[in-house]
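Engineer: Structure incoming, see below.
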Amino acid sequence: MNLAWMTRALRSPNYRIFFCGQIISLIGNWMTSIALSWLVYRLTGSTLLLGTVAFAGQIPAFLLGPFAGVWVDRLNRLRVLKWTQTGAMVQSFALALLTLTGHINATHILLLSAFQGLINSFDMPARQSFVVQMVEDRADLPNAIALNSSMVNAARLIGPAVAGAIIAVSGEGICFLLDGFSYLAVLASLFFMRVGAQPMPKNQLAPVAALVEGWNYVSRFAPVRAILLLMAVVSFLSLPYTVLMPAVATKILHGDSHALGYLMAGSGIGALCGALFLASRRSVVGLGRIIPRATATLGVGLILFSQSHHLWLSIALMPLAGFGFMVQMAACNTMMQTLVPDDKRGRAMSFFFMAFQGSLPFGSLISGWLSSHIGPMNTILLSGLCALGSAAWFYLMLPGLRDDIRPIYRSLGIIPPEVAGVANAAAAATESGR
């Protein structure tokens with residue numbers, strides 16, 4: 001597969017500008033993520049507090065996500081992103097100031113994490129919905145989503161490794177400071193963009209009625225409902241393993257901040273490979289089969305990781321979990337963006353964000369509590385087993401979901417009518433033979 005095909009979404013000038021600015025900012029974001037977890041564990045030595053800080057940063061998405069989606073469908077998404085990125089920059093500078101002056105404590109961290117979660121509640125649905133406006137050719141949308149994931153995971157590969165080195169030499173505050181400056185790149189990209197007018201609903205419902213309409217859509221349309229349920233279950237039961245990494249790096253693997261950076265970078269390598277795999281695909285057709293396989297890969301990776309007590313073996317196993325998670329999440333995102341009509345996109349993606357990030361705080365809190373009783377490795381083992389169970393459930397649901405997906409793919413020209421007709425006839429023949 002040639003590079004030009006894998007990066008075809010970059011042909012759109014606005015998306016290309018956004019891509020360049022965002023990757024710099026995301027490296028800073030990952031530096032802050034590692035530095036913050038290390039700071040919490042250094043100050044308190046508590047896995048429970050690690051889970052509590054993650055809870056504080058993620059709970060706003062659960063509480064505010066659907067309401068944020070209503071406003072994202074009504075407001076100018078470019079303007080929303082300018083405000084959210086400015087707010088995130090202020091939060092990083094506040095963390096840097098408190099840490100570098102020696103005044104930081106657990107209360108400050110909890111409050112600033114909650115503030116960042118509030119920002120993300122609006123930023124994520126706006127960002128996901130805005131991709132459609134940045135990409136000129138709708139056929140390039142799946143590639144843009146895959147490139148977004150590649151961008152996140154390239155940063156995930158670089159950021160933790162850089163953060164580990166900086167923490168060892170200069171402390172966590174410098175990571176927060178560099179993250180604050182990194183937001184200037186994405187803000188510059190947003191101000192340089194020239195996008196067409198955003199289509200607005202002609203007959204806008206009242207906010208509560210719009211929220212109810214969005215909920216009725218995602219809860220009654222079986223493919224979207226199944227995707228959201230899978231994301232929620234995996235985020236609640238399997239993904240919170242990341243909050244336990246500082247404890248694993250120090251207590252189990254007897255390492256330091258460098259070990260934490262290597263572990264997260266290992267996960268980033270796998271996730272980047274997963275994103276590139278999706279970018280190389282020519283169509284969304286077949287993603288339904290990929291989703292349960294990727295979820296199972298995440299589960300196997302976590303189970304194997306939980307049995308390792310050697311640093312380099314653990315680092316070598318992290319890419320498996322990273323690959324499975326990224327392919328599952330990005331494939332679900334791509335299917336959602338393809339299936340959802342434009343007038344409900346902001347609300348639908350806010351529910352997607354709520355399922356993904358909104359479930360994490362509860363899972364993080366429970367993982368922190370469970371780890372304090374049965375240990376981090378046994379907690380990660382349970383997370384892997386839950387991922388395998390989720391994969392099996394989605395696989396069993398898949399045949400019924402295809403009947404609802406094919407008409408939409410046909411109307412969008414993704415599959416030709418004759419292909420859909422053959423598939424439907426085969427399904428009918430199978431049903432009549434039972």
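Residues are named by chain letter and number: chains run A, B, ... in the order of the structure tokens, numbers start at 1 in each chain, and ligands are numbered from 1 in the order shown.
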Could I get the residues of segment 336-411 of chain A with an atom no further than 7 Å from an atom of segment 120-141 of chain A, each paired with its nearest atom pair and that distance in Å to one decimal, using only C-alpha atoms, sorted by chain and residue number, as JSON lines?
Structural biologist:
{"residue": "A:Arg345", "atom": "CA", "partner": "A:Ser129", "partner_atom": "CA", "distance": 6.1}
{"residue": "A:Gly346", "atom": "CA", "partner": "A:Ser129", "partner_atom": "CA", "distance": 5.7}
{"residue": "A:Met349", "atom": "CA", "partner": "A:Pro125", "partner_atom": "CA", "distance": 5.3}
{"residue": "A:Ser350", "atom": "CA", "partner": "A:Pro125", "partner_atom": "CA", "distance": 4.9}
{"residue": "A:Phe353", "atom": "CA", "partner": "A:Pro125", "partner_atom": "CA", "distance": 6.8}
Engineer: Compile the contact shell of Ala161 of chain A as a PyMOL selection string: residues with an atom at most 10 Å away, counting only C-alpha atoms, same-chain residues fewer than 3 positions apart removed.
Structural biologist: chain A and resi 30-31+34+155-158+164-166+257-266
Engineer: Just write the chosen residues, C-alpha atoms, as a PDB file, in the first residue's frame.
Structural biologist:
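Generated output (again.pdb):
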ATOM      1  CA  TRP A  30       0.890  12.747  26.639  1.00  0.00           C
ATOM      2  CA  MET A  31       3.783  14.310  28.522  1.00  0.00           C
ATOM      3  CA  ILE A  34       2.518  10.656  32.328  1.00  0.00           C
ATOM      4  CA  ALA A 155       2.378  11.401  20.094  1.00  0.00           C
ATOM      5  CA  ARG A 156       1.691   8.582  22.538  1.00  0.00           C
ATOM      6  CA  LEU A 157       4.946   6.982  21.444  1.00  0.00           C
ATOM      7  CA  ILE A 158       7.037  10.149  21.741  1.00  0.00           C
ATOM      8  CA  GLY A 164      10.132   9.960  31.527  1.00  0.00           C
ATOM      9  CA  ALA A 165      13.483  11.564  30.689  1.00  0.00           C
ATOM     10  CA  ILE A 166      12.383  15.074  31.708  1.00  0.00           C
ATOM     11  CA  SER A 257       9.889   7.119  35.638  1.00  0.00           C
ATOM     12  CA  HIS A 258      11.895   5.794  32.668  1.00  0.00           C
ATOM     13  CA  ALA A 259      10.213   2.386  33.062  1.00  0.00           C
ATOM     14  CA  LEU A 260       6.794   4.057  33.110  1.00  0.00           C
ATOM     15  CA  GLY A 261       7.661   5.967  29.944  1.00  0.00           C
ATOM     16  CA  TYR A 262       8.860   2.784  28.206  1.00  0.00           C
ATOM     17  CA  LEU A 263       5.694   0.888  29.137  1.00  0.00           C
ATOM     18  CA  MET A 264       3.430   3.615  27.785  1.00  0.00           C
ATOM     19  CA  ALA A 265       5.610   4.012  24.705  1.00  0.00           C
ATOM     20  CA  GLY A 266       5.304   0.264  24.091  1.00  0.00           C
TER      21      GLY A 266
END
Engineer: With a distance cut-off of 8 Å and only C-alpha atoms, select the neighbouring residues of Cys273 of chain A, excluding the residue or stretch itself and same-chain residues fewer than 4 positions from it, and output the selection as a PyMOL selection string.
Structural biologist: chain A and resi 150+269+277+323
Engineer: Limited to N, CA and C atoms, could you put the picked residues into a file as a CSV table (one decimal), in the first residue's frame?
Structural biologist:
chain,number,residue,atom,x,y,z
A,150,SER,N,-3.6,7.7,14.2
A,150,SER,CA,-2.1,7.6,14.0
A,150,SER,C,-1.4,8.8,14.7
A,269,ILE,N,3.4,2.2,20.5
A,269,ILE,CA,3.9,1.5,19.3
A,269,ILE,C,2.8,0.6,18.7
A,277,PHE,N,-2.7,0.5,10.2
A,277,PHE,CA,-3.4,-0.6,9.6
A,277,PHE,C,-4.8,-0.1,9.1
A,323,PHE,N,-2.3,-2.2,20.3
A,323,PHE,CA,-2.9,-2.4,19.0
A,323,PHE,C,-4.4,-2.7,19.1
Engineer: Using only C-alpha atoms, which of A:Ala168, A:His310, A:Ala68, A:Thr295 sits nearest Asp256 of chain A?
Structural biologist: A:Ala168
Engineer: Hey, can you check how far atom CA of Pro142 of chain A sits from atom CA of Thr334 of chain A?
Structural biologist: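 These two atoms are separated by 5.7 Å.
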Engineer: Could you build a table of the residues in segment 340-421 of chain A lying no more than 12 Å from segment 230-254 of chain A, giving for each the nearest pair of atoms and their separation in Å rounded to one decimal place, using only C-alpha atoms, ordered by chain and ascending residue number, as JSON lines?
Structural biologist:
{"residue": "A:Phe351", "atom": "CA", "partner": "A:Ala232", "partner_atom": "CA", "distance": 10.0}
{"residue": "A:Phe352", "atom": "CA", "partner": "A:Met231", "partner_atom": "CA", "distance": 7.7}
{"residue": "A:Phe353", "atom": "CA", "partner": "A:Met231", "partner_atom": "CA", "distance": 9.1}
{"residue": "A:Met354", "atom": "CA", "partner": "A:Ala232", "partner_atom": "CA", "distance": 8.0}
{"residue": "A:Ala355", "atom": "CA", "partner": "A:Ala232", "partner_atom": "CA", "distance": 4.4}
{"residue": "A:Phe356", "atom": "CA", "partner": "A:Met231", "partner_atom": "CA", "distance": 5.5}
{"residue": "A:Gln357", "atom": "CA", "partner": "A:Ser235", "partner_atom": "CA", "distance": 7.2}
{"residue": "A:Gly358", "atom": "CA", "partner": "A:Ala232", "partner_atom": "CA", "distance": 7.8}
{"residue": "A:Ser359", "atom": "CA", "partner": "A:Phe236", "partner_atom": "CA", "distance": 4.9}
{"residue": "A:Leu360", "atom": "CA", "partner": "A:Phe236", "partner_atom": "CA", "distance": 5.2}
{"residue": "A:Pro361", "atom": "CA", "partner": "A:Phe236", "partner_atom": "CA", "distance": 7.8}
{"residue": "A:Phe362", "atom": "CA", "partner": "A:Phe236", "partner_atom": "CA", "distance": 6.6}
{"residue": "A:Gly363", "atom": "CA", "partner": "A:Phe236", "partner_atom": "CA", "distance": 4.4}
{"residue": "A:Ser364", "atom": "CA", "partner": "A:Pro240", "partner_atom": "CA", "distance": 4.9}
{"residue": "A:Leu365", "atom": "CA", "partner": "A:Pro240", "partner_atom": "CA", "distance": 8.5}
{"residue": "A:Ile366", "atom": "CA", "partner": "A:Pro240", "partner_atom": "CA", "distance": 8.8}
{"residue": "A:Ser367", "atom": "CA", "partner": "A:Pro240", "partner_atom": "CA", "distance": 6.5}
{"residue": "A:Gly368", "atom": "CA", "partner": "A:Leu244", "partner_atom": "CA", "distance": 7.2}
{"residue": "A:Trp369", "atom": "CA", "partner": "A:Leu244", "partner_atom": "CA", "distance": 10.7}
{"residue": "A:Leu370", "atom": "CA", "partner": "A:Leu244", "partner_atom": "CA", "distance": 10.6}
{"residue": "A:Ser371", "atom": "CA", "partner": "A:Leu244", "partner_atom": "CA", "distance": 8.0}
{"residue": "A:Ser372", "atom": "CA", "partner": "A:Leu244", "partner_atom": "CA", "distance": 10.3}
{"residue": "A:Gly375", "atom": "CA", "partner": "A:Val248", "partner_atom": "CA", "distance": 9.4}
{"residue": "A:Pro376", "atom": "CA", "partner": "A:Leu244", "partner_atom": "CA", "distance": 6.4}
{"residue": "A:Met377", "atom": "CA", "partner": "A:Val248", "partner_atom": "CA", "distance": 7.6}
{"residue": "A:Asn378", "atom": "CA", "partner": "A:Tyr241", "partner_atom": "CA", "distance": 10.6}
{"residue": "A:Thr379", "atom": "CA", "partner": "A:Tyr241", "partner_atom": "CA", "distance": 7.7}
{"residue": "A:Ile380", "atom": "CA", "partner": "A:Tyr241", "partner_atom": "CA", "distance": 5.8}
{"residue": "A:Leu381", "atom": "CA", "partner": "A:Ser238", "partner_atom": "CA", "distance": 9.3}
{"residue": "A:Leu382", "atom": "CA", "partner": "A:Ser238", "partner_atom": "CA", "distance": 8.0}
{"residue": "A:Ser383", "atom": "CA", "partner": "A:Ser238", "partner_atom": "CA", "distance": 4.2}
{"residue": "A:Gly384", "atom": "CA", "partner": "A:Ser238", "partner_atom": "CA", "distance": 6.2}
{"residue": "A:Leu385", "atom": "CA", "partner": "A:Ser238", "partner_atom": "CA", "distance": 8.4}
{"residue": "A:Cys386", "atom": "CA", "partner": "A:Leu237", "partner_atom": "CA", "distance": 6.3}
{"residue": "A:Ala387", "atom": "CA", "partner": "A:Ser238", "partner_atom": "CA", "distance": 5.9}
{"residue": "A:Leu388", "atom": "CA", "partner": "A:Ser238", "partner_atom": "CA", "distance": 9.6}
{"residue": "A:Gly389", "atom": "CA", "partner": "A:Val234", "partner_atom": "CA", "distance": 9.7}
{"residue": "A:Ser390", "atom": "CA", "partner": "A:Leu230", "partner_atom": "CA", "distance": 6.7}
{"residue": "A:Ala391", "atom": "CA", "partner": "A:Leu230", "partner_atom": "CA", "distance": 8.3}
{"residue": "A:Ala392", "atom": "CA", "partner": "A:Leu230", "partner_atom": "CA", "distance": 10.7}
{"residue": "A:Trp393", "atom": "CA", "partner": "A:Leu230", "partner_atom": "CA", "distance": 8.7}
{"residue": "A:Phe394", "atom": "CA", "partner": "A:Leu230", "partner_atom": "CA", "distance": 7.2}
{"residue": "A:Tyr395", "atom": "CA", "partner": "A:Leu230", "partner_atom": "CA", "distance": 10.8}
{"residue": "A:Met397", "atom": "CA", "partner": "A:Leu230", "partner_atom": "CA", "distance": 10.8}
{"residue": "A:Leu398", "atom": "CA", "partner": "A:Leu230", "partner_atom": "CA", "distance": 11.9}
Engineer: Need the shell around segment 278-283 of chain A: protein/DNA/RNA residues with any atom at most 6 Å away, counting only C-alpha atoms. Skip same-chain ones fewer than 4 positions apart. Format as a ChimeraX atom specification?
Structural biologist: /A:6,143,146
Engineer: For atom CA of Trp312 of chain A and atom CA of Ala163 of chain A, determine how far apart the two atoms are, in Å to one decimal place.
Structural biologist: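 It comes out at 19.0 Å.
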Engineer: I need the residue nearest Ile59 of chain A from this list: A:Leu110, A:Leu412, A:Leu298, A:Ile290. Use only C-alpha atoms for the distance.
Structural biologist: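 Smallest separation from Ile59 of chain A among the options: A:Leu110.
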Engineer: Dump as JSON lines the rows for residues of segment 17-92 of chain A within 10 Å of segment 181-184 of chain A: closest atom pair and distance in Å with one decimal, only C-alpha atoms counted, ordered by chain and rising residue number.
Structural biologist:
{"residue": "A:Gly21", "atom": "CA", "partner": "A:Leu184", "partner_atom": "CA", "distance": 8.3}
{"residue": "A:Gln22", "atom": "CA", "partner": "A:Tyr183", "partner_atom": "CA", "distance": 8.2}
{"residue": "A:Ile23", "atom": "CA", "partner": "A:Ser182", "partner_atom": "CA", "distance": 9.3}
{"residue": "A:Ile24", "atom": "CA", "partner": "A:Ser182", "partner_atom": "CA", "distance": 6.0}
{"residue": "A:Ser25", "atom": "CA", "partner": "A:Ser182", "partner_atom": "CA", "distance": 4.6}
{"residue": "A:Leu26", "atom": "CA", "partner": "A:Ser182", "partner_atom": "CA", "distance": 8.0}
{"residue": "A:Ile27", "atom": "CA", "partner": "A:Ser182", "partner_atom": "CA", "distance": 8.0}
{"residue": "A:Gly28", "atom": "CA", "partner": "A:Ser182", "partner_atom": "CA", "distance": 5.9}
{"residue": "A:Asn29", "atom": "CA", "partner": "A:Ser182", "partner_atom": "CA", "distance": 8.4}
{"residue": "A:Gln85", "atom": "CA", "partner": "A:Tyr183", "partner_atom": "CA", "distance": 6.8}
{"residue": "A:Thr86", "atom": "CA", "partner": "A:Tyr183", "partner_atom": "CA", "distance": 7.5}
{"residue": "A:Gly87", "atom": "CA", "partner": "A:Tyr183", "partner_atom": "CA", "distance": 9.8}
{"residue": "A:Ala88", "atom": "CA", "partner": "A:Tyr183", "partner_atom": "CA", "distance": 7.9}
{"residue": "A:Met89", "atom": "CA", "partner": "A:Tyr183", "partner_atom": "CA", "distance": 5.8}
{"residue": "A:Val90", "atom": "CA", "partner": "A:Tyr183", "partner_atom": "CA", "distance": 9.5}
{"residue": "A:Ser92", "atom": "CA", "partner": "A:Phe181", "partner_atom": "CA", "distance": 8.7}
Engineer: Once you have the residues from the selection above, write them out as a CSV table (one decimal), in the first residue's frame, restricted to N, CA and C atoms.
Structural biologist:
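Produced file result-v3.csv, reproduced below:
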chain,number,residue,atom,x,y,z
A,21,GLY,N,-0.7,21.0,13.4
A,21,GLY,CA,-0.7,21.7,14.7
A,21,GLY,C,-1.1,20.7,15.8
A,22,GLN,N,-2.0,19.8,15.5
A,22,GLN,CA,-2.4,18.9,16.6
A,22,GLN,C,-1.4,17.9,17.0
A,23,ILE,N,-0.5,17.5,16.2
A,23,ILE,CA,0.4,16.4,16.6
A,23,ILE,C,1.4,17.0,17.6
A,24,ILE,N,1.8,18.3,17.4
A,24,ILE,CA,2.6,19.0,18.4
A,24,ILE,C,2.0,19.0,19.8
A,25,SER,N,0.7,19.5,19.8
A,25,SER,CA,-0.1,19.6,21.0
A,25,SER,C,-0.3,18.3,21.7
A,26,LEU,N,-0.5,17.2,20.9
A,26,LEU,CA,-0.7,15.9,21.5
A,26,LEU,C,0.5,15.3,22.2
A,27,ILE,N,1.7,15.6,21.6
A,27,ILE,CA,2.9,15.2,22.3
A,27,ILE,C,2.9,15.8,23.7
A,28,GLY,N,2.6,17.1,23.8
A,28,GLY,CA,2.5,17.8,25.1
A,28,GLY,C,1.5,17.1,26.0
A,29,ASN,N,0.3,16.8,25.4
A,29,ASN,CA,-0.8,16.1,26.2
A,29,ASN,C,-0.3,14.9,26.9
A,85,GLN,N,-9.4,24.8,23.4
A,85,GLN,CA,-7.9,24.7,23.4
A,85,GLN,C,-7.3,25.7,24.2
A,86,THR,N,-7.9,26.9,24.2
A,86,THR,CA,-7.3,28.0,25.1
A,86,THR,C,-7.5,27.6,26.5
A,87,GLY,N,-8.7,27.1,26.9
A,87,GLY,CA,-8.9,26.7,28.3
A,87,GLY,C,-7.9,25.6,28.7
A,88,ALA,N,-7.6,24.6,27.8
A,88,ALA,CA,-6.7,23.5,28.1
A,88,ALA,C,-5.3,24.1,28.3
A,89,MET,N,-4.9,25.1,27.5
A,89,MET,CA,-3.6,25.7,27.7
A,89,MET,C,-3.5,26.4,29.1
A,90,VAL,N,-4.5,27.1,29.5
A,90,VAL,CA,-4.5,27.7,30.8
A,90,VAL,C,-4.4,26.7,31.9
A,92,SER,N,-2.9,23.7,31.8
A,92,SER,CA,-1.5,23.2,31.8
A,92,SER,C,-0.5,24.2,32.5
Engineer: Closest to Tyr409 of chain A among A:Leu50, A:Ala94, A:Val152, A:Val285, using only C-alpha atoms?
Structural biologist: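 Closest candidate: A:Val285.
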Engineer: Taking only C-alpha atoms into account, name the residue in A:Ala114, A:Ala144, A:Leu187, A:Leu39 that is nearest to Val80 of chain A.
Structural biologist: A:Leu187
Engineer: Using only C-alpha atoms for the distances, tell me which of A:His103, A:Arg410, A:Lys82, A:Arg77 is nearest to Ala188 of chain A.
Structural biologist: A:Lys82
Engineer: Any chance you could tabulate, as JSON lines, the residues of segment 315-383 of chain A at most 7 Å from segment 208-228 of chain A with each one's nearest atom pair and distance in Å to one decimal, using only C-alpha atoms, in chain and rising number order?
Structural biologist:
{"residue": "A:Cys332", "atom": "CA", "partner": "A:Ile227", "partner_atom": "CA", "distance": 6.2}
{"residue": "A:Met336", "atom": "CA", "partner": "A:Val224", "partner_atom": "CA", "distance": 6.5}
{"residue": "A:Lys344", "atom": "CA", "partner": "A:Gly214", "partner_atom": "CA", "distance": 6.6}
{"residue": "A:Arg347", "atom": "CA", "partner": "A:Gly214", "partner_atom": "CA", "distance": 5.8}
{"residue": "A:Ala348", "atom": "CA", "partner": "A:Gly214", "partner_atom": "CA", "distance": 6.5}
{"residue": "A:Phe352", "atom": "CA", "partner": "A:Leu228", "partner_atom": "CA", "distance": 6.0}
{"residue": "A:Ala355", "atom": "CA", "partner": "A:Leu228", "partner_atom": "CA", "distance": 5.9}
Engineer: Kindly export the residues of the current selection with C-alpha atoms, as a PDB file, in the first residue's frame.
Structural biologist:
ATOM      1  CA  CYS A 332     -16.010   1.996  16.219  1.00  0.00           C
ATOM      2  CA  MET A 336     -20.279   5.809  13.943  1.00  0.00           C
ATOM      3  CA  LYS A 344     -27.294  14.440  14.683  1.00  0.00           C
ATOM      4  CA  ARG A 347     -25.074  14.609  19.749  1.00  0.00           C
ATOM      5  CA  ALA A 348     -24.160  11.121  18.535  1.00  0.00           C
ATOM      6  CA  PHE A 352     -19.722   8.099  21.846  1.00  0.00           C
ATOM      7  CA  ALA A 355     -19.450   5.846  26.409  1.00  0.00           C
TER       8      ALA A 355
END
